[in-house]
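Coordinates from structure04.cif are shown below (mmCIF, C-alpha atoms).
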data_target
loop_
_atom_site.group_PDB
_atom_site.id
_atom_site.type_symbol
_atom_site.label_atom_id
_atom_site.label_comp_id
_atom_site.auth_asym_id
_atom_site.auth_seq_id
_atom_site.Cartn_x
_atom_site.Cartn_y
_atom_site.Cartn_z
ATOM 1 C CA MET O 1 13.827 22.812 -44.752
ATOM 2 C CA ASN O 2 10.923 20.582 -45.735
ATOM 3 C CA ASP O 3 7.627 22.228 -44.708
ATOM 4 C CA THR O 4 5.526 19.172 -45.567
ATOM 5 C CA PRO O 5 4.108 17.728 -42.312
ATOM 6 C CA HIS O 6 5.721 14.441 -41.319
ATOM 7 C CA ILE O 7 3.397 11.751 -39.961
ATOM 8 C CA LEU O 8 4.848 8.781 -38.072
ATOM 9 C CA VAL O 9 2.634 5.657 -37.956
ATOM 10 C CA VAL O 10 3.356 3.177 -35.146
ATOM 11 C CA ASP O 11 1.491 -0.097 -35.689
ATOM 12 C CA ASP O 12 2.595 -3.742 -35.543
ATOM 13 C CA ASP O 13 0.287 -4.700 -38.437
ATOM 14 C CA ALA O 14 2.431 -4.637 -41.590
ATOM 15 C CA GLU O 15 -0.594 -4.216 -43.890
ATOM 16 C CA ILE O 16 -1.809 -1.158 -41.953
ATOM 17 C CA ARG O 17 1.676 0.347 -41.987
ATOM 18 C CA GLU O 18 1.975 -0.090 -45.744
ATOM 19 C CA LEU O 19 -1.577 1.151 -46.365
ATOM 20 C CA LEU O 20 -1.191 4.310 -44.268
ATOM 21 C CA GLU O 21 2.307 5.120 -45.498
ATOM 22 C CA THR O 22 1.090 4.925 -49.103
ATOM 23 C CA TYR O 23 -2.208 6.696 -48.447
ATOM 24 C CA LEU O 24 -0.738 9.584 -46.448
ATOM 25 C CA SER O 25 2.117 10.038 -48.926
ATOM 26 C CA GLY O 26 -0.466 10.216 -51.705
ATOM 27 C CA ASN O 27 -2.335 12.944 -49.849
ATOM 28 C CA GLY O 28 0.442 15.452 -49.410
ATOM 29 C CA TYR O 29 2.264 14.265 -46.286
ATOM 30 C CA ARG O 30 5.645 12.790 -45.577
ATOM 31 C CA ALA O 31 4.903 9.451 -43.955
ATOM 32 C CA SER O 32 7.014 6.936 -42.063
ATOM 33 C CA ALA O 33 5.860 3.725 -40.414
ATOM 34 C CA VAL O 34 7.388 1.567 -37.688
ATOM 35 C CA ALA O 35 6.242 -1.519 -35.806
ATOM 36 C CA ASP O 36 7.017 -0.857 -32.133
ATOM 37 C CA GLY O 37 8.039 1.605 -29.461
ATOM 38 C CA ARG O 38 11.785 1.168 -29.814
ATOM 39 C CA SER O 39 11.565 1.943 -33.517
ATOM 40 C CA MET O 40 9.342 4.920 -32.722
ATOM 41 C CA TRP O 41 11.973 6.468 -30.444
ATOM 42 C CA ASP O 42 14.665 5.839 -33.069
ATOM 43 C CA ALA O 43 12.519 7.565 -35.726
ATOM 44 C CA LEU O 44 11.848 10.546 -33.471
ATOM 45 C CA GLN O 45 15.587 10.971 -32.874
ATOM 46 C CA ARG O 46 16.422 10.777 -36.585
ATOM 47 C CA ASP O 47 13.852 13.205 -37.948
ATOM 48 C CA GLU O 48 11.363 15.902 -37.023
ATOM 49 C CA VAL O 49 7.840 14.500 -36.669
ATOM 50 C CA ASP O 50 4.670 16.612 -36.687
ATOM 51 C CA LEU O 51 2.153 13.969 -35.566
ATOM 52 C CA VAL O 52 2.256 10.366 -34.350
ATOM 53 C CA VAL O 53 -0.489 7.880 -35.242
ATOM 54 C CA LEU O 54 -0.111 5.399 -32.389
ATOM 55 C CA ASP O 55 -1.775 1.999 -32.115
ATOM 56 C CA LEU O 56 -2.908 0.988 -28.648
ATOM 57 C CA MET O 57 -1.939 -2.683 -28.908
ATOM 58 C CA LEU O 58 1.779 -3.038 -29.576
ATOM 59 C CA PRO O 59 4.464 -5.588 -28.682
ATOM 60 C CA GLY O 60 6.654 -4.503 -25.777
ATOM 61 C CA ASP O 61 5.520 -1.122 -24.457
ATOM 62 C CA ASP O 62 1.880 -0.629 -25.432
ATOM 63 C CA GLY O 63 0.465 2.531 -26.943
ATOM 64 C CA LEU O 64 -0.696 3.955 -23.610
ATOM 65 C CA THR O 65 2.788 3.649 -22.112
ATOM 66 C CA LEU O 66 4.395 5.141 -25.208
ATOM 67 C CA CYS O 67 1.893 7.998 -25.278
ATOM 68 C CA ARG O 68 2.546 8.804 -21.626
ATOM 69 C CA ASP O 69 6.325 8.709 -22.102
ATOM 70 C CA LEU O 70 6.157 10.773 -25.287
ATOM 71 C CA ARG O 71 3.947 13.339 -23.577
ATOM 72 C CA SER O 72 6.453 13.706 -20.728
ATOM 73 C CA ARG O 73 9.138 14.640 -23.271
ATOM 74 C CA SER O 74 7.338 16.413 -26.089
ATOM 75 C CA GLY O 75 4.231 18.232 -27.257
ATOM 76 C CA ILE O 76 4.036 16.320 -30.566
ATOM 77 C CA PRO O 77 0.335 15.636 -31.277
ATOM 78 C CA VAL O 78 -0.742 12.002 -30.872
ATOM 79 C CA LEU O 79 -3.710 10.360 -32.581
ATOM 80 C CA MET O 80 -4.455 7.051 -30.849
ATOM 81 C CA LEU O 81 -5.867 4.034 -32.683
ATOM 82 C CA THR O 82 -8.059 2.054 -30.283
ATOM 83 C CA ALA O 83 -9.611 -1.390 -30.625
ATOM 84 C CA ARG O 84 -13.310 -1.468 -31.512
ATOM 85 C CA GLY O 85 -13.940 1.984 -30.059
ATOM 86 C CA ASP O 86 -13.809 0.727 -26.468
ATOM 87 C CA GLU O 87 -14.700 3.720 -24.255
ATOM 88 C CA VAL O 88 -12.192 2.656 -21.608
ATOM 89 C CA ASP O 89 -9.398 2.642 -24.214
ATOM 90 C CA ARG O 90 -10.419 6.102 -25.441
ATOM 91 C CA ILE O 91 -10.521 7.565 -21.945
ATOM 92 C CA LEU O 92 -7.180 6.001 -21.005
ATOM 93 C CA GLY O 93 -5.634 7.317 -24.203
ATOM 94 C CA LEU O 94 -6.823 10.844 -23.451
ATOM 95 C CA GLU O 95 -5.629 10.528 -19.863
ATOM 96 C CA MET O 96 -2.173 9.626 -21.167
ATOM 97 C CA GLY O 97 -2.195 12.774 -23.304
ATOM 98 C CA ALA O 98 -3.515 11.731 -26.735
ATOM 99 C CA ASP O 99 -4.986 14.595 -28.781
ATOM 100 C CA ASP O 100 -7.615 12.492 -30.530
ATOM 101 C CA TYR O 101 -8.594 8.868 -31.058
ATOM 102 C CA LEU O 102 -10.038 6.685 -33.796
ATOM 103 C CA PRO O 103 -11.437 3.167 -33.331
ATOM 104 C CA LYS O 104 -10.387 0.233 -35.492
ATOM 105 C CA PRO O 105 -11.415 -0.707 -38.100
ATOM 106 C CA PHE O 106 -11.334 2.769 -39.615
ATOM 107 C CA ASN O 107 -11.785 4.419 -42.984
ATOM 108 C CA PRO O 108 -8.467 5.946 -44.155
ATOM 109 C CA ARG O 109 -10.391 9.039 -45.295
ATOM 110 C CA GLU O 110 -11.628 9.587 -41.740
ATOM 111 C CA LEU O 111 -8.103 9.141 -40.383
ATOM 112 C CA LEU O 112 -6.871 11.705 -42.910
ATOM 113 C CA ALA O 113 -9.593 14.132 -41.813
ATOM 114 C CA ARG O 114 -8.679 13.629 -38.141
ATOM 115 C CA ILE O 115 -4.973 14.171 -38.895
ATOM 116 C CA ARG O 116 -5.722 17.390 -40.752
ATOM 117 C CA SER O 117 -7.927 18.583 -37.918
ATOM 118 C CA VAL O 118 -5.339 17.843 -35.213
ATOM 119 C CA LEU O 119 -2.550 19.515 -37.211
ATOM 120 C CA ARG O 120 -4.742 22.532 -37.911
ATOM 121 C CA ARG O 121 -5.637 22.916 -34.237
ATOM 122 C CA ALA O 122 -2.008 22.435 -33.207
ATOM 123 C CA GLY O 123 -0.742 25.208 -35.513
ATOM 124 C CA HIS O 124 -0.457 28.885 -34.689
ATOM 125 C CA ALA O 125 -2.290 29.635 -37.931
ATOM 126 C CA ALA O 126 -5.548 28.648 -36.273
ATOM 127 C CA GLU O 127 -5.152 31.265 -33.537
ATOM 128 C CA PRO O 128 -7.239 34.468 -33.761
ATOM 129 C CA ALA O 129 -5.116 37.118 -35.446
ATOM 130 C CA GLY O 130 -6.125 39.807 -32.988
ATOM 131 C CA GLU O 131 -4.615 37.896 -30.085
ATOM 132 C CA ARG O 132 -1.284 36.789 -31.514
ATOM 133 C CA GLU O 133 0.550 39.744 -29.967
ATOM 134 C CA SER O 134 0.144 38.252 -26.462
ATOM 135 C CA ARG O 135 3.270 36.196 -25.951
ATOM 136 C CA ARG O 136 2.862 35.337 -22.285
ATOM 137 C CA TYR O 137 -0.164 34.759 -20.090
ATOM 138 C CA LEU O 138 0.507 35.160 -16.356
ATOM 139 C CA PHE O 139 -1.929 33.705 -13.831
ATOM 140 C CA ASP O 140 -1.697 32.661 -10.185
ATOM 141 C CA GLY O 141 2.104 32.456 -10.366
ATOM 142 C CA TRP O 142 2.037 30.420 -13.600
ATOM 143 C CA CYS O 143 3.192 31.521 -17.058
ATOM 144 C CA LEU O 144 2.114 30.164 -20.453
ATOM 145 C CA ASP O 145 4.512 31.188 -23.232
ATOM 146 C CA THR O 146 2.748 30.995 -26.610
ATOM 147 C CA VAL O 147 6.000 31.205 -28.580
ATOM 148 C CA THR O 148 7.771 28.279 -26.929
ATOM 149 C CA ARG O 149 4.448 26.659 -25.951
ATOM 150 C CA GLN O 150 5.857 26.057 -22.491
ATOM 151 C CA LEU O 151 3.989 26.201 -19.210
ATOM 152 C CA LEU O 152 6.189 27.477 -16.383
ATOM 153 C CA ALA O 153 5.252 26.645 -12.801
ATOM 154 C CA PRO O 154 5.578 29.207 -9.991
ATOM 155 C CA ASP O 155 8.914 27.598 -9.049
ATOM 156 C CA GLY O 156 10.194 27.937 -12.623
ATOM 157 C CA ALA O 157 9.811 24.271 -13.586
ATOM 158 C CA VAL O 158 8.727 23.535 -17.159
ATOM 159 C CA ILE O 159 5.497 21.518 -17.251
ATOM 160 C CA ALA O 160 4.970 19.386 -20.374
ATOM 161 C CA LEU O 161 1.585 19.844 -22.054
ATOM 162 C CA SER O 162 -0.045 17.814 -24.797
ATOM 163 C CA GLY O 163 -1.333 19.715 -27.814
ATOM 164 C CA ALA O 164 -4.897 19.423 -26.523
ATOM 165 C CA GLU O 165 -3.917 20.574 -23.029
ATOM 166 C CA TYR O 166 -2.100 23.576 -24.490
ATOM 167 C CA ARG O 167 -5.091 24.571 -26.636
ATOM 168 C CA LEU O 168 -7.513 24.095 -23.741
ATOM 169 C CA LEU O 169 -5.446 26.223 -21.378
ATOM 170 C CA LEU O 170 -4.864 28.933 -24.000
ATOM 171 C CA LEU O 171 -8.574 29.150 -24.767
ATOM 172 C CA LEU O 172 -9.452 29.402 -21.074
ATOM 173 C CA LEU O 173 -6.796 32.093 -20.562
ATOM 174 C CA ARG O 174 -8.044 34.124 -23.498
ATOM 175 C CA HIS O 175 -11.523 33.988 -21.986
ATOM 176 C CA ALA O 176 -10.524 34.270 -18.334
ATOM 177 C CA ASN O 177 -13.473 34.634 -15.941
ATOM 178 C CA GLU O 178 -15.859 33.849 -18.803
ATOM 179 C CA VAL O 179 -17.816 30.598 -18.722
ATOM 180 C CA LEU O 180 -17.190 28.488 -21.831
ATOM 181 C CA SER O 181 -19.722 25.805 -22.667
ATOM 182 C CA ARG O 182 -18.806 22.186 -23.266
ATOM 183 C CA ASP O 183 -19.736 22.546 -26.952
ATOM 184 C CA GLN O 184 -17.490 25.608 -27.335
ATOM 185 C CA LEU O 185 -14.576 23.742 -25.804
ATOM 186 C CA MET O 186 -15.202 20.530 -27.777
ATOM 187 C CA GLN O 187 -15.411 22.436 -31.054
ATOM 188 C CA HIS O 188 -12.088 24.109 -30.300
ATOM 189 C CA LEU O 189 -10.354 20.914 -29.138
ATOM 190 C CA HIS O 190 -11.872 18.261 -31.382
ATOM 191 C CA GLY O 191 -13.893 20.036 -34.048
ATOM 192 C CA ARG O 192 -17.186 18.536 -32.910
ATOM 193 C CA ASP O 193 -19.953 19.111 -30.364
ATOM 194 C CA SER O 194 -20.041 17.307 -27.051
ATOM 195 C CA GLY O 195 -22.266 14.211 -27.017
ATOM 196 C CA PRO O 196 -24.322 13.379 -23.906
ATOM 197 C CA PHE O 197 -21.966 10.515 -22.981
ATOM 198 C CA ASP O 198 -18.695 11.983 -24.252
ATOM 199 C CA ARG O 199 -16.226 12.200 -21.355
ATOM 200 C CA SER O 200 -13.196 13.269 -23.371
ATOM 201 C CA LEU O 201 -13.510 16.928 -22.362
ATOM 202 C CA ASP O 202 -13.834 16.021 -18.682
ATOM 203 C CA VAL O 203 -10.695 13.882 -18.967
ATOM 204 C CA GLN O 204 -8.712 16.710 -20.542
ATOM 205 C CA VAL O 205 -9.908 19.250 -17.964
ATOM 206 C CA SER O 206 -8.919 16.786 -15.235
ATOM 207 C CA ARG O 207 -5.454 16.365 -16.783
ATOM 208 C CA LEU O 208 -5.014 20.132 -17.051
ATOM 209 C CA ARG O 209 -5.960 20.549 -13.405
ATOM 210 C CA GLN O 210 -3.346 17.955 -12.485
ATOM 211 C CA ARG O 211 -0.714 19.893 -14.458
ATOM 212 C CA LEU O 212 -1.681 23.044 -12.551
ATOM 213 C CA GLY O 213 -1.810 21.333 -9.146
ATOM 214 C CA ASP O 214 -5.487 22.311 -8.982
ATOM 215 C CA ASP O 215 -7.499 20.158 -6.563
ATOM 216 C CA GLY O 216 -10.080 18.273 -8.647
ATOM 217 C CA ARG O 217 -12.511 18.123 -5.719
ATOM 218 C CA GLU O 218 -12.326 21.841 -4.967
ATOM 219 C CA PRO O 219 -10.628 23.430 -7.987
ATOM 220 C CA ARG O 220 -9.536 27.040 -7.630
ATOM 221 C CA ILE O 221 -8.078 27.809 -11.055
ATOM 222 C CA VAL O 222 -10.252 25.881 -13.530
ATOM 223 C CA LYS O 223 -13.735 25.687 -12.057
ATOM 224 C CA THR O 224 -16.772 23.719 -13.178
ATOM 225 C CA VAL O 225 -19.956 25.764 -13.603
ATOM 226 C CA ARG O 226 -22.780 23.286 -13.184
ATOM 227 C CA ASN O 227 -24.880 22.732 -16.313
ATOM 228 C CA ARG O 228 -22.915 25.434 -18.153
ATOM 229 C CA GLY O 229 -19.250 24.518 -18.649
ATOM 230 C CA TYR O 230 -15.863 25.583 -17.325
ATOM 231 C CA VAL O 231 -14.176 28.847 -16.384
ATOM 232 C CA LEU O 232 -10.631 29.937 -15.577
ATOM 233 C CA ALA O 233 -11.388 31.797 -12.373
ATOM 234 C CA VAL O 234 -8.156 33.621 -11.439
ATOM 235 C CA PRO O 235 -6.859 37.009 -12.679
ATOM 236 C CA VAL O 236 -4.826 36.884 -15.906
ATOM 237 C CA THR O 237 -2.329 39.417 -17.248
ATOM 238 C CA THR O 238 -0.549 39.351 -20.600
ATOM 239 C CA GLU O 239 2.860 40.349 -21.913
ATOM 240 C CA SER O 240 3.628 41.050 -25.566
#

Could you render the structure from this file as structure tokens?
Amino acid sequence: MNDTPHILVVDDDAEIRELLETYLSGNGYRASAVADGRSMWDALQRDEVDLVVLDLMLPGDDGLTLCRDLRSRSGIPVLMLTARGDEVDRILGLEMGADDYLPKPFNPRELLARIRSVLRRAGHAAEPAGERESRRYLFDGWCLDTVTRQLLAPDGAVIALSGAEYRLLLLLLRHANEVLSRDQLMQHLHGRDSGPFDRSLDVQVSRLRQRLGDDGREPRIVKTVRNRGYVLAVPVTTES
């Protein structure tokens, strides 16, 4: 089995595809590049992929549609490439389940750093060693299995989570009934502090609440603590 992470680039610009395939291959990754959504699905069926670099503007299904559809089927991390850093594009990308975003034009070294960060956060190696023995977290009828990375609803249905949603929920469960600041959560999710106008954390909390059927206006499971952060506010038990 090849343990080298496989990065799939989806971009309709042939120069960008060639640049990133060469650059990522030269920096220790297996890299593939395709031009559109149909080719993306074909590539995902043929081979195991560890992260998708997905351009927003694509022929046929755009990046937002592809990200949403991919998230409904898989927890593969997605790094979205957005045009000119438009805030609306970034927020929409996160709402569709992207794990991170990078505006065009970008420096390949920054993209490489973002890829490494997302892969590091997505791996079990980044989890605190003292807490790895907890396989399942049970809360309010829900179950998060840290081995399969599946969220099971009270009725037994499997709820698909993005990598960022999984990490956010796991962190909240590990610190149940403890208020976590925005900076703590942003550092864990994105490796950076929260800026005064950064809404990415709010978007991901909102998405997680939707997954949990938690009313955003009067949330019961994941609550907002004004001027402090967020807290998972229901009892949690663990199983090894």

Notebook entry, point to check: With only C-alpha atoms as the basis for distance, which of O:Arg182, O:Val9, O:Leu232, O:Thr82 is at the shortest distance from Glu21 (chain O)?
Noted result: O:Val9

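Straight-line separation from CA of Gly213 (chain O) to CA of Val236 (chain O): 17.2 Å.
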
Next item on the list: Give me the result of the PyMOL selection byres ((chain O and resi 33) around 8) on this file, residue by residue, as a ChimeraX atom specification.
Entry: /O:8-11,17-18,21,31-32,34-35

Margin query: Starting from the PyMOL selection byres ((chain O and resi 176) around 9), expand the selection into actual residues of this file and give them as a PyMOL selection string.
Written below: chain O and resi 171-175+177-179+231-236

Skip Gly156 (chain O) itself and residues of its chain fewer than 2 positions away, then list as a PDB file with C-alpha atoms, in the coordinates of the input all residues within 12 Å of it, counting only C-alpha atoms.
ATOM      1  CA  GLY O 141       2.104  32.456 -10.366  1.00  0.00           C
ATOM      2  CA  TRP O 142       2.037  30.420 -13.600  1.00  0.00           C
ATOM      3  CA  CYS O 143       3.192  31.521 -17.058  1.00  0.00           C
ATOM      4  CA  LEU O 144       2.114  30.164 -20.453  1.00  0.00           C
ATOM      5  CA  GLN O 150       5.857  26.057 -22.491  1.00  0.00           C
ATOM      6  CA  LEU O 151       3.989  26.201 -19.210  1.00  0.00           C
ATOM      7  CA  LEU O 152       6.189  27.477 -16.383  1.00  0.00           C
ATOM      8  CA  ALA O 153       5.252  26.645 -12.801  1.00  0.00           C
ATOM      9  CA  PRO O 154       5.578  29.207  -9.991  1.00  0.00           C
ATOM     10  CA  VAL O 158       8.727  23.535 -17.159  1.00  0.00           C
ATOM     11  CA  ILE O 159       5.497  21.518 -17.251  1.00  0.00           C
TER      12      ILE O 159
END

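CA of Asp183 (chain O) lies 28.8 Å from CA of Pro5 (chain O).
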
Since fewer atoms than expected are present, regenerate N, CA and C atoms for region 131-151 of chain O and write them as a CSV table (one decimal), in the frame of the given file.
chain,number,residue,atom,x,y,z
O,131,GLU,N,-5.2,38.2,-31.4
O,131,GLU,CA,-4.6,37.9,-30.1
O,131,GLU,C,-3.2,37.4,-30.2
O,132,ARG,N,-2.6,37.4,-31.4
O,132,ARG,CA,-1.3,36.8,-31.5
O,132,ARG,C,-0.2,37.6,-30.8
O,133,GLU,N,-0.5,38.9,-30.6
O,133,GLU,CA,0.6,39.7,-30.0
O,133,GLU,C,0.8,39.4,-28.5
O,134,SER,N,-0.1,38.7,-27.9
O,134,SER,CA,0.1,38.3,-26.5
O,134,SER,C,1.1,37.0,-26.4
O,135,ARG,N,2.3,37.3,-26.0
O,135,ARG,CA,3.3,36.2,-26.0
O,135,ARG,C,3.1,35.4,-24.7
O,136,ARG,N,2.9,36.0,-23.6
O,136,ARG,CA,2.9,35.3,-22.3
O,136,ARG,C,1.6,35.6,-21.6
O,137,TYR,N,1.0,34.6,-21.0
O,137,TYR,CA,-0.2,34.8,-20.1
O,137,TYR,C,0.3,34.4,-18.7
O,138,LEU,N,0.1,35.3,-17.7
O,138,LEU,CA,0.5,35.2,-16.4
O,138,LEU,C,-0.7,35.0,-15.5
O,139,PHE,N,-0.8,33.9,-14.7
O,139,PHE,CA,-1.9,33.7,-13.8
O,139,PHE,C,-1.5,32.9,-12.6
O,140,ASP,N,-1.9,33.4,-11.4
O,140,ASP,CA,-1.7,32.7,-10.2
O,140,ASP,C,-0.3,32.1,-10.0
O,141,GLY,N,0.7,32.9,-10.5
O,141,GLY,CA,2.1,32.5,-10.4
O,141,GLY,C,2.6,31.6,-11.5
O,142,TRP,N,1.7,31.2,-12.4
O,142,TRP,CA,2.0,30.4,-13.6
O,142,TRP,C,2.3,31.3,-14.8
O,143,CYS,N,3.0,30.8,-15.8
O,143,CYS,CA,3.2,31.5,-17.1
O,143,CYS,C,3.1,30.6,-18.2
O,144,LEU,N,2.2,30.9,-19.2
O,144,LEU,CA,2.1,30.2,-20.5
O,144,LEU,C,2.7,31.0,-21.5
O,145,ASP,N,3.8,30.5,-22.1
O,145,ASP,CA,4.5,31.2,-23.2
O,145,ASP,C,4.0,30.6,-24.6
O,146,THR,N,3.4,31.5,-25.4
O,146,THR,CA,2.7,31.0,-26.6
O,146,THR,C,3.8,30.9,-27.8
O,147,VAL,N,5.0,31.4,-27.6
O,147,VAL,CA,6.0,31.2,-28.6
O,147,VAL,C,6.7,29.9,-28.4
O,148,THR,N,7.1,29.6,-27.2
O,148,THR,CA,7.8,28.3,-26.9
O,148,THR,C,6.8,27.2,-26.6
O,149,ARG,N,5.5,27.6,-26.4
O,149,ARG,CA,4.4,26.7,-26.0
O,149,ARG,C,4.8,25.9,-24.7
O,150,GLN,N,5.5,26.6,-23.8
O,150,GLN,CA,5.9,26.1,-22.5
O,150,GLN,C,5.0,26.6,-21.4
O,151,LEU,N,4.7,25.8,-20.4
O,151,LEU,CA,4.0,26.2,-19.2
O,151,LEU,C,5.0,26.2,-18.1
